[in-house]
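Listing of coords02.cif, mmCIF, N, CA and C atoms
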```cif
data_my_file
#
loop_
_atom_site.label_atom_id
_atom_site.label_comp_id
_atom_site.auth_asym_id
_atom_site.auth_seq_id
_atom_site.Cartn_x
_atom_site.Cartn_y
_atom_site.Cartn_z
N MET W 1 -11.94 1.65 62.70
CA MET W 1 -13.12 2.09 61.97
C MET W 1 -12.74 2.56 60.56
N VAL W 2 -11.72 3.41 60.45
CA VAL W 2 -11.29 3.90 59.14
C VAL W 2 -10.80 2.74 58.29
N SER W 3 -10.10 1.83 58.92
CA SER W 3 -9.57 0.68 58.22
C SER W 3 -10.68 -0.16 57.60
N SER W 4 -11.76 -0.40 58.33
CA SER W 4 -12.86 -1.20 57.78
C SER W 4 -13.59 -0.47 56.67
N GLN W 5 -13.65 0.87 56.74
CA GLN W 5 -14.27 1.65 55.67
C GLN W 5 -13.45 1.52 54.39
N TRP W 6 -12.13 1.64 54.51
CA TRP W 6 -11.27 1.50 53.33
C TRP W 6 -11.34 0.09 52.76
N THR W 7 -11.42 -0.89 53.59
CA THR W 7 -11.55 -2.28 53.14
C THR W 7 -12.82 -2.45 52.33
N HIS W 8 -13.91 -1.84 52.81
CA HIS W 8 -15.18 -1.91 52.11
C HIS W 8 -15.10 -1.19 50.76
N VAL W 9 -14.47 -0.02 50.73
CA VAL W 9 -14.33 0.75 49.48
C VAL W 9 -13.48 -0.03 48.48
N ILE W 10 -12.38 -0.61 48.94
CA ILE W 10 -11.52 -1.39 48.06
C ILE W 10 -12.27 -2.60 47.50
N LYS W 11 -13.07 -3.25 48.32
CA LYS W 11 -13.87 -4.38 47.87
C LYS W 11 -14.86 -3.95 46.79
N GLN W 12 -15.51 -2.81 46.98
CA GLN W 12 -16.45 -2.31 45.98
C GLN W 12 -15.74 -1.94 44.68
N LEU W 13 -14.56 -1.34 44.79
CA LEU W 13 -13.79 -0.99 43.59
C LEU W 13 -13.39 -2.23 42.81
N ARG W 14 -13.01 -3.28 43.52
CA ARG W 14 -12.68 -4.55 42.85
C ARG W 14 -13.89 -5.11 42.12
N GLU W 15 -15.05 -5.06 42.77
CA GLU W 15 -16.27 -5.57 42.14
C GLU W 15 -16.62 -4.76 40.89
N VAL W 16 -16.47 -3.45 40.97
CA VAL W 16 -16.72 -2.60 39.80
C VAL W 16 -15.74 -2.94 38.69
N ALA W 17 -14.46 -3.13 39.04
CA ALA W 17 -13.44 -3.47 38.04
C ALA W 17 -13.77 -4.79 37.35
N VAL W 18 -14.23 -5.78 38.12
CA VAL W 18 -14.59 -7.08 37.54
C VAL W 18 -15.78 -6.92 36.59
N ILE W 19 -16.78 -6.16 37.00
CA ILE W 19 -17.98 -5.96 36.17
C ILE W 19 -17.62 -5.20 34.88
N VAL W 20 -16.85 -4.14 35.01
CA VAL W 20 -16.46 -3.34 33.83
C VAL W 20 -15.61 -4.18 32.89
N THR W 21 -14.64 -4.90 33.43
CA THR W 21 -13.78 -5.75 32.60
C THR W 21 -14.61 -6.83 31.91
N GLY W 22 -15.52 -7.45 32.64
CA GLY W 22 -16.39 -8.46 32.03
C GLY W 22 -17.24 -7.89 30.92
N GLY W 23 -17.76 -6.70 31.15
CA GLY W 23 -18.55 -6.04 30.10
C GLY W 23 -17.73 -5.73 28.87
N MET W 24 -16.49 -5.27 29.09
CA MET W 24 -15.61 -4.97 27.95
C MET W 24 -15.27 -6.23 27.18
N VAL W 25 -15.01 -7.33 27.90
CA VAL W 25 -14.70 -8.59 27.24
C VAL W 25 -15.90 -9.09 26.43
N CYS W 26 -17.10 -9.01 27.01
CA CYS W 26 -18.32 -9.42 26.29
C CYS W 26 -18.55 -8.56 25.06
N PHE W 27 -18.44 -7.24 25.22
CA PHE W 27 -18.62 -6.32 24.11
C PHE W 27 -17.61 -6.61 23.00
N SER W 28 -16.34 -6.81 23.39
CA SER W 28 -15.30 -7.09 22.40
C SER W 28 -15.57 -8.42 21.69
N GLY W 29 -15.93 -9.44 22.45
CA GLY W 29 -16.20 -10.74 21.86
C GLY W 29 -17.35 -10.69 20.86
N ILE W 30 -18.42 -10.03 21.23
CA ILE W 30 -19.58 -9.91 20.33
C ILE W 30 -19.19 -9.12 19.09
N SER W 31 -18.45 -8.03 19.27
CA SER W 31 -18.03 -7.20 18.14
C SER W 31 -17.12 -7.96 17.19
N ILE W 32 -16.20 -8.75 17.74
CA ILE W 32 -15.31 -9.56 16.90
C ILE W 32 -16.12 -10.63 16.16
N TYR W 33 -17.02 -11.30 16.87
CA TYR W 33 -17.84 -12.35 16.25
C TYR W 33 -18.67 -11.78 15.11
N GLN W 34 -19.21 -10.58 15.29
CA GLN W 34 -20.05 -9.97 14.27
C GLN W 34 -19.25 -9.29 13.17
N GLY W 35 -17.94 -9.17 13.35
CA GLY W 35 -17.12 -8.49 12.36
C GLY W 35 -17.42 -7.00 12.30
N ASN W 36 -17.71 -6.42 13.43
CA ASN W 36 -18.10 -5.01 13.52
C ASN W 36 -16.92 -4.11 13.14
N GLU W 37 -16.96 -3.54 11.95
CA GLU W 37 -15.84 -2.73 11.47
C GLU W 37 -15.67 -1.46 12.28
N LYS W 38 -16.74 -0.92 12.81
CA LYS W 38 -16.64 0.28 13.65
C LYS W 38 -15.82 -0.04 14.91
N PHE W 39 -16.03 -1.23 15.48
CA PHE W 39 -15.26 -1.66 16.64
C PHE W 39 -13.76 -1.70 16.31
N TYR W 40 -13.43 -2.28 15.15
CA TYR W 40 -12.03 -2.35 14.74
C TYR W 40 -11.43 -0.96 14.54
N SER W 41 -12.17 -0.09 13.86
CA SER W 41 -11.61 1.24 13.56
C SER W 41 -11.53 2.13 14.79
N GLN W 42 -12.46 1.98 15.74
CA GLN W 42 -12.47 2.87 16.90
C GLN W 42 -11.74 2.32 18.12
N PHE W 43 -11.58 1.01 18.22
CA PHE W 43 -10.95 0.44 19.40
C PHE W 43 -9.67 -0.33 19.08
N VAL W 44 -9.76 -1.29 18.15
CA VAL W 44 -8.62 -2.15 17.88
C VAL W 44 -7.47 -1.39 17.24
N MET W 45 -7.75 -0.66 16.16
CA MET W 45 -6.66 0.02 15.45
C MET W 45 -5.96 1.08 16.31
N PRO W 46 -6.67 1.92 17.06
CA PRO W 46 -5.94 2.84 17.94
C PRO W 46 -5.06 2.11 18.96
N ALA W 47 -5.54 0.98 19.46
CA ALA W 47 -4.74 0.21 20.41
C ALA W 47 -3.51 -0.39 19.73
N VAL W 48 -3.67 -0.88 18.51
CA VAL W 48 -2.56 -1.48 17.77
C VAL W 48 -1.51 -0.42 17.44
N LYS W 49 -1.94 0.79 17.17
CA LYS W 49 -0.98 1.85 16.83
C LYS W 49 -0.10 2.26 18.00
N ILE W 50 -0.48 1.87 19.21
CA ILE W 50 0.36 2.12 20.38
C ILE W 50 1.58 1.19 20.33
N LEU W 51 1.40 0.00 19.76
CA LEU W 51 2.48 -0.98 19.67
C LEU W 51 3.49 -0.59 18.60
N SER W 52 4.71 -1.08 18.72
CA SER W 52 5.70 -0.89 17.65
C SER W 52 5.20 -1.65 16.42
N PRO W 53 5.64 -1.28 15.22
CA PRO W 53 5.19 -2.02 14.03
C PRO W 53 5.49 -3.52 14.11
N GLU W 54 6.66 -3.90 14.64
CA GLU W 54 7.01 -5.33 14.77
C GLU W 54 6.03 -6.05 15.71
N ASN W 55 5.74 -5.45 16.86
CA ASN W 55 4.81 -6.08 17.81
C ASN W 55 3.39 -6.09 17.27
N ALA W 56 2.99 -5.05 16.55
CA ALA W 56 1.66 -5.02 15.94
C ALA W 56 1.54 -6.14 14.91
N HIS W 57 2.61 -6.38 14.17
CA HIS W 57 2.61 -7.46 13.18
C HIS W 57 2.45 -8.81 13.88
N ARG W 58 3.22 -9.04 14.94
CA ARG W 58 3.09 -10.28 15.71
C ARG W 58 1.68 -10.44 16.27
N PHE W 59 1.11 -9.34 16.75
CA PHE W 59 -0.25 -9.35 17.30
C PHE W 59 -1.26 -9.73 16.21
N GLY W 60 -1.11 -9.15 15.03
CA GLY W 60 -2.01 -9.47 13.91
C GLY W 60 -1.92 -10.93 13.50
N VAL W 61 -0.70 -11.46 13.43
CA VAL W 61 -0.54 -12.88 13.09
C VAL W 61 -1.19 -13.75 14.17
N ALA W 62 -1.00 -13.39 15.43
CA ALA W 62 -1.60 -14.18 16.52
C ALA W 62 -3.13 -14.13 16.45
N LEU W 63 -3.69 -12.96 16.17
CA LEU W 63 -5.15 -12.87 16.05
C LEU W 63 -5.66 -13.76 14.93
N ALA W 64 -4.96 -13.75 13.80
CA ALA W 64 -5.37 -14.59 12.68
C ALA W 64 -5.15 -16.07 12.99
N LYS W 65 -4.04 -16.38 13.66
CA LYS W 65 -3.73 -17.78 14.02
C LYS W 65 -4.85 -18.38 14.86
N TYR W 66 -5.33 -17.63 15.84
CA TYR W 66 -6.37 -18.14 16.72
C TYR W 66 -7.78 -17.75 16.25
N ARG W 67 -7.85 -17.24 15.02
CA ARG W 67 -9.12 -16.89 14.35
C ARG W 67 -9.96 -15.93 15.18
N LEU W 68 -9.30 -14.91 15.72
CA LEU W 68 -10.00 -13.93 16.54
C LEU W 68 -10.48 -12.73 15.73
N PHE W 69 -10.33 -12.79 14.42
CA PHE W 69 -10.93 -11.79 13.54
C PHE W 69 -12.33 -12.28 13.20
N GLY W 70 -13.24 -11.35 12.95
CA GLY W 70 -14.57 -11.75 12.53
C GLY W 70 -14.55 -12.30 11.12
N ARG W 71 -15.50 -13.15 10.82
CA ARG W 71 -15.62 -13.70 9.47
C ARG W 71 -16.14 -12.61 8.54
N SER W 72 -15.66 -12.62 7.32
CA SER W 72 -16.15 -11.66 6.33
C SER W 72 -17.65 -11.85 6.18
N SER W 73 -18.40 -10.78 6.30
CA SER W 73 -19.87 -10.88 6.25
C SER W 73 -20.42 -10.78 4.84
N VAL W 74 -19.58 -10.48 3.88
CA VAL W 74 -20.02 -10.32 2.50
C VAL W 74 -19.38 -11.40 1.65
N ALA W 75 -20.20 -12.17 0.94
CA ALA W 75 -19.68 -13.21 0.06
C ALA W 75 -19.09 -12.56 -1.18
N ASP W 76 -18.01 -13.15 -1.69
CA ASP W 76 -17.40 -12.63 -2.91
C ASP W 76 -18.33 -12.89 -4.10
N PRO W 77 -18.56 -11.87 -4.92
CA PRO W 77 -19.35 -12.10 -6.13
C PRO W 77 -18.59 -13.02 -7.09
N ALA W 78 -19.32 -13.77 -7.87
CA ALA W 78 -18.72 -14.74 -8.78
C ALA W 78 -17.73 -14.09 -9.75
N ILE W 79 -17.93 -12.84 -10.08
CA ILE W 79 -17.05 -12.16 -11.03
C ILE W 79 -15.61 -12.06 -10.50
N LEU W 80 -15.44 -12.17 -9.18
CA LEU W 80 -14.10 -12.10 -8.59
C LEU W 80 -13.35 -13.42 -8.64
N ASN W 81 -14.06 -14.53 -8.93
CA ASN W 81 -13.37 -15.81 -9.04
C ASN W 81 -12.25 -15.68 -10.05
N THR W 82 -11.09 -16.17 -9.68
CA THR W 82 -9.90 -16.00 -10.51
C THR W 82 -9.21 -17.33 -10.69
N LYS W 83 -8.78 -17.60 -11.91
CA LYS W 83 -8.03 -18.83 -12.18
C LYS W 83 -6.67 -18.44 -12.74
N VAL W 84 -5.63 -18.93 -12.07
CA VAL W 84 -4.26 -18.69 -12.52
C VAL W 84 -3.61 -20.05 -12.69
N TRP W 85 -3.16 -20.33 -13.90
CA TRP W 85 -2.69 -21.66 -14.27
C TRP W 85 -3.78 -22.65 -13.91
N ASP W 86 -3.56 -23.58 -13.05
CA ASP W 86 -4.62 -24.53 -12.69
C ASP W 86 -5.16 -24.29 -11.28
N LEU W 87 -4.88 -23.11 -10.73
CA LEU W 87 -5.34 -22.80 -9.38
C LEU W 87 -6.53 -21.86 -9.44
N GLU W 88 -7.55 -22.14 -8.63
CA GLU W 88 -8.73 -21.29 -8.58
C GLU W 88 -8.80 -20.58 -7.24
N PHE W 89 -9.09 -19.28 -7.30
CA PHE W 89 -9.20 -18.44 -6.11
C PHE W 89 -10.56 -17.78 -6.10
N ARG W 90 -11.13 -17.57 -4.91
CA ARG W 90 -12.46 -16.95 -4.83
C ARG W 90 -12.40 -15.45 -5.09
N ASN W 91 -11.20 -14.85 -4.96
CA ASN W 91 -10.99 -13.45 -5.35
C ASN W 91 -9.49 -13.25 -5.55
N PRO W 92 -9.10 -12.18 -6.24
CA PRO W 92 -7.68 -11.99 -6.56
C PRO W 92 -6.86 -11.29 -5.49
N VAL W 93 -7.43 -11.04 -4.32
CA VAL W 93 -6.70 -10.33 -3.26
C VAL W 93 -6.14 -11.35 -2.27
N GLY W 94 -4.81 -11.32 -2.12
CA GLY W 94 -4.17 -12.30 -1.24
C GLY W 94 -3.19 -11.66 -0.29
N VAL W 95 -2.58 -12.50 0.52
CA VAL W 95 -1.58 -12.07 1.49
C VAL W 95 -0.24 -12.64 1.05
N ALA W 96 0.78 -11.78 0.99
CA ALA W 96 2.11 -12.21 0.57
C ALA W 96 2.79 -13.03 1.66
N ALA W 97 3.82 -13.76 1.26
CA ALA W 97 4.51 -14.68 2.17
C ALA W 97 5.13 -13.98 3.38
N GLY W 98 5.53 -12.75 3.26
CA GLY W 98 6.19 -12.06 4.36
C GLY W 98 5.32 -11.85 5.57
N PHE W 99 4.00 -11.88 5.41
CA PHE W 99 3.12 -11.62 6.54
C PHE W 99 3.13 -12.79 7.52
N ASP W 100 3.02 -14.00 7.02
CA ASP W 100 2.91 -15.18 7.88
C ASP W 100 3.96 -16.19 7.45
N LYS W 101 5.23 -15.87 7.73
CA LYS W 101 6.32 -16.70 7.20
C LYS W 101 6.38 -18.09 7.81
N HIS W 102 5.71 -18.32 8.93
CA HIS W 102 5.70 -19.66 9.52
C HIS W 102 4.43 -20.44 9.17
N GLY W 103 3.52 -19.82 8.42
CA GLY W 103 2.31 -20.51 8.00
C GLY W 103 1.40 -20.90 9.14
N GLU W 104 1.33 -20.07 10.17
CA GLU W 104 0.51 -20.42 11.34
C GLU W 104 -0.86 -19.76 11.33
N ALA W 105 -1.11 -18.84 10.40
CA ALA W 105 -2.37 -18.10 10.43
C ALA W 105 -3.17 -18.24 9.14
N VAL W 106 -2.85 -19.22 8.33
CA VAL W 106 -3.47 -19.37 7.01
C VAL W 106 -5.00 -19.44 7.11
N ASP W 107 -5.52 -20.33 7.94
CA ASP W 107 -6.98 -20.49 8.04
C ASP W 107 -7.67 -19.21 8.49
N GLY W 108 -7.07 -18.52 9.47
CA GLY W 108 -7.66 -17.27 9.95
C GLY W 108 -7.66 -16.19 8.89
N LEU W 109 -6.60 -16.13 8.08
CA LEU W 109 -6.53 -15.12 7.01
C LEU W 109 -7.54 -15.42 5.91
N LEU W 110 -7.71 -16.69 5.58
CA LEU W 110 -8.73 -17.05 4.59
C LEU W 110 -10.13 -16.74 5.11
N LYS W 111 -10.33 -16.92 6.41
CA LYS W 111 -11.63 -16.67 7.04
C LYS W 111 -12.07 -15.22 6.89
N ILE W 112 -11.12 -14.29 6.94
CA ILE W 112 -11.51 -12.89 6.88
C ILE W 112 -11.69 -12.38 5.45
N GLY W 113 -11.47 -13.26 4.45
CA GLY W 113 -11.84 -12.89 3.10
C GLY W 113 -10.74 -12.85 2.05
N PHE W 114 -9.51 -13.16 2.41
CA PHE W 114 -8.47 -13.18 1.39
C PHE W 114 -8.70 -14.34 0.44
N GLY W 115 -8.41 -14.12 -0.84
CA GLY W 115 -8.59 -15.16 -1.84
C GLY W 115 -7.52 -16.22 -1.78
N PHE W 116 -6.34 -15.85 -1.32
CA PHE W 116 -5.25 -16.80 -1.16
C PHE W 116 -4.26 -16.27 -0.14
N VAL W 117 -3.49 -17.18 0.43
CA VAL W 117 -2.46 -16.82 1.40
C VAL W 117 -1.18 -17.52 0.98
N GLU W 118 -0.16 -16.74 0.68
CA GLU W 118 1.14 -17.29 0.30
C GLU W 118 1.96 -17.47 1.58
N VAL W 119 2.47 -18.67 1.77
CA VAL W 119 3.22 -18.96 2.99
C VAL W 119 4.71 -18.72 2.77
N GLY W 120 5.24 -19.05 1.63
CA GLY W 120 6.66 -18.86 1.37
C GLY W 120 7.34 -20.19 1.11
N SER W 121 8.65 -20.16 1.17
CA SER W 121 9.40 -21.37 0.85
C SER W 121 9.58 -22.25 2.08
N ILE W 122 9.89 -23.50 1.82
CA ILE W 122 10.12 -24.46 2.89
C ILE W 122 11.63 -24.72 2.94
N THR W 123 12.20 -24.63 4.12
CA THR W 123 13.63 -24.87 4.28
C THR W 123 13.84 -25.97 5.32
N PRO W 124 14.94 -26.71 5.22
CA PRO W 124 15.16 -27.78 6.19
C PRO W 124 15.37 -27.27 7.62
N LYS W 125 15.90 -26.07 7.75
CA LYS W 125 16.13 -25.48 9.07
C LYS W 125 15.58 -24.07 9.08
N PRO W 126 15.15 -23.59 10.24
CA PRO W 126 14.66 -22.21 10.31
C PRO W 126 15.72 -21.22 9.84
N GLN W 127 15.26 -20.20 9.15
CA GLN W 127 16.14 -19.15 8.63
C GLN W 127 15.91 -17.87 9.41
N PRO W 128 16.98 -17.11 9.68
CA PRO W 128 16.75 -15.82 10.33
C PRO W 128 16.06 -14.88 9.36
N GLY W 129 15.24 -14.03 9.87
CA GLY W 129 14.57 -13.06 9.02
C GLY W 129 15.50 -11.92 8.66
N ASN W 130 14.96 -10.97 7.93
CA ASN W 130 15.72 -9.77 7.61
C ASN W 130 16.03 -9.03 8.90
N PRO W 131 17.08 -8.21 8.91
CA PRO W 131 17.39 -7.45 10.12
C PRO W 131 16.27 -6.48 10.45
N LYS W 132 16.07 -6.25 11.75
CA LYS W 132 15.04 -5.31 12.21
C LYS W 132 15.59 -3.90 12.12
N PRO W 133 14.76 -2.94 11.91
CA PRO W 133 13.31 -3.01 11.73
C PRO W 133 12.96 -3.47 10.31
N ARG W 134 11.92 -4.25 10.19
CA ARG W 134 11.50 -4.76 8.89
C ARG W 134 10.02 -4.52 8.62
N VAL W 135 9.35 -3.88 9.55
CA VAL W 135 7.95 -3.49 9.36
C VAL W 135 7.87 -1.98 9.63
N PHE W 136 7.29 -1.26 8.67
CA PHE W 136 7.23 0.20 8.78
C PHE W 136 5.82 0.69 8.53
N ARG W 137 5.41 1.67 9.29
CA ARG W 137 4.10 2.30 9.09
C ARG W 137 4.25 3.51 8.18
N LEU W 138 3.29 3.67 7.29
CA LEU W 138 3.17 4.87 6.48
C LEU W 138 1.85 5.51 6.87
N ASP W 139 1.84 6.24 7.99
CA ASP W 139 0.60 6.79 8.53
C ASP W 139 -0.14 7.67 7.54
N GLU W 140 0.59 8.48 6.81
CA GLU W 140 -0.08 9.39 5.87
C GLU W 140 -0.78 8.66 4.73
N ASP W 141 -0.34 7.42 4.45
CA ASP W 141 -0.96 6.62 3.40
C ASP W 141 -1.86 5.52 3.97
N CYS W 142 -2.00 5.46 5.30
CA CYS W 142 -2.76 4.39 5.97
C CYS W 142 -2.28 3.03 5.50
N ALA W 143 -0.95 2.84 5.51
CA ALA W 143 -0.36 1.61 4.98
C ALA W 143 0.75 1.10 5.89
N VAL W 144 1.13 -0.15 5.65
CA VAL W 144 2.24 -0.78 6.34
C VAL W 144 3.10 -1.44 5.28
N ILE W 145 4.42 -1.34 5.44
CA ILE W 145 5.35 -2.05 4.55
C ILE W 145 6.00 -3.15 5.37
N ASN W 146 5.94 -4.40 4.88
CA ASN W 146 6.57 -5.57 5.51
C ASN W 146 7.61 -6.04 4.50
N SER W 147 8.72 -5.94 4.97
CA SER W 147 9.87 -6.33 4.20
C SER W 147 9.98 -7.71 3.98
#
```
Here is a file; write its structure as structure tokens.
Amino acid sequence: MVSSQWTHVIKQLREVAVIVTGGMVCFSGISIYQGNEKFYSQFVMPAVKILSPENAHRFGVALAKYRLFGRSSVADPAILNTKVWDLEFRNPVGVAAGFDKHGEAVDGLLKIGFGFVEVGSITPKPQPGNPKPRVFRLDEDCAVINS
């Protein structure tokens, strides 16, 4: 008798877990699709800060690679259009080569509003990166340094 009661309770807990997880996934998906900045500041960033800076960097590149960031909801005003030599950019804010050294997240980074994405140099063979640690948080400045 006790055994069947526990089996029933465990079954109900599993069902609750599935419903709650499904709700969280739906809420997260909608928030990402809408580019909800409150969602990022209250849920994503605290979760990312649990990770080491290196793993957070890898996570950010993966999110951009698979375009899991929301699209920028504000169009750049024409005054931000920038021309350097013969290259035209929709705004002067870009991502340096150190962020995405393999060039796997370019489209995702452009989607979120950067005017340009620098990939870096091309080499015949893969090169080792700088020695770790190479990503540092500056919490008091709300910044990250990528070497």
What are the DSSP strand (DSSP E or B) residues of chain W, as a list in words? Thr82, Lys83, Val84, Leu87, Glu88, Phe89, Gly94, Val95, Phe116, Val117, Val135, Phe136, Arg137, Leu138, Ala143, Val144, Ile145 and Asn146 of chain W
For range 129-143 of chain W, please output as a VMD selection string all residues within 8 Å (counting all atoms listed in the file; exclusion window: fewer than 3 positions along the same chain). chain W and resid 52 to 54 57 126 146 to 147
Between W:Val61, W:Ala47, W:Ile112, W:Val74, which one has atoms that come closest to Phe99 in chain W, using only N, CA and C atoms?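 That would be W:Val61, the residue with the smallest distance to Phe99 in chain W.
Between atom C of Phe69 in chain W and atom N of Glu37 in chain W lies a distance of 10.0 Å.
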Do you know which residues the PyMOL selection byres ((chain W and resi 116) around 5) returns on this file, as a list in words?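 Evaluating the PyMOL selection byres ((chain W and resi 116) around 5) on these coordinates yields Val93, Gly94, Val95, Phe114, Gly115, Val117 and Glu118 of chain W.
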I need the helix (DSSP H, G or I) residues of chain W per DSSP on the backbone, written as an MDAnalysis selection string. chainID W and resid 2:34 37:50 53:65 78:80 106:111 139:141
Selection under test: the PyMOL selection byres (((chain W and resi 76-78 and name CA) around 12) and name CA); residues as a PyMOL selection string: chain W and resi 72-75+79-83+88-93+112-115
What would the selection look like, as a PyMOL selection string, if the PyMOL selection byres ((chain W and resi 35) around 7) were run on the coordinates I just shared? chain W and resi 30-34+36-40+69-73
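Across the structure, atom C of Met24 in chain W and atom N of Leu63 in chain W are spaced 17.3 Å apart.
Across the model, the gap from CA of Arg58 in chain W to CA of Val44 in chain W is 14.4 Å.
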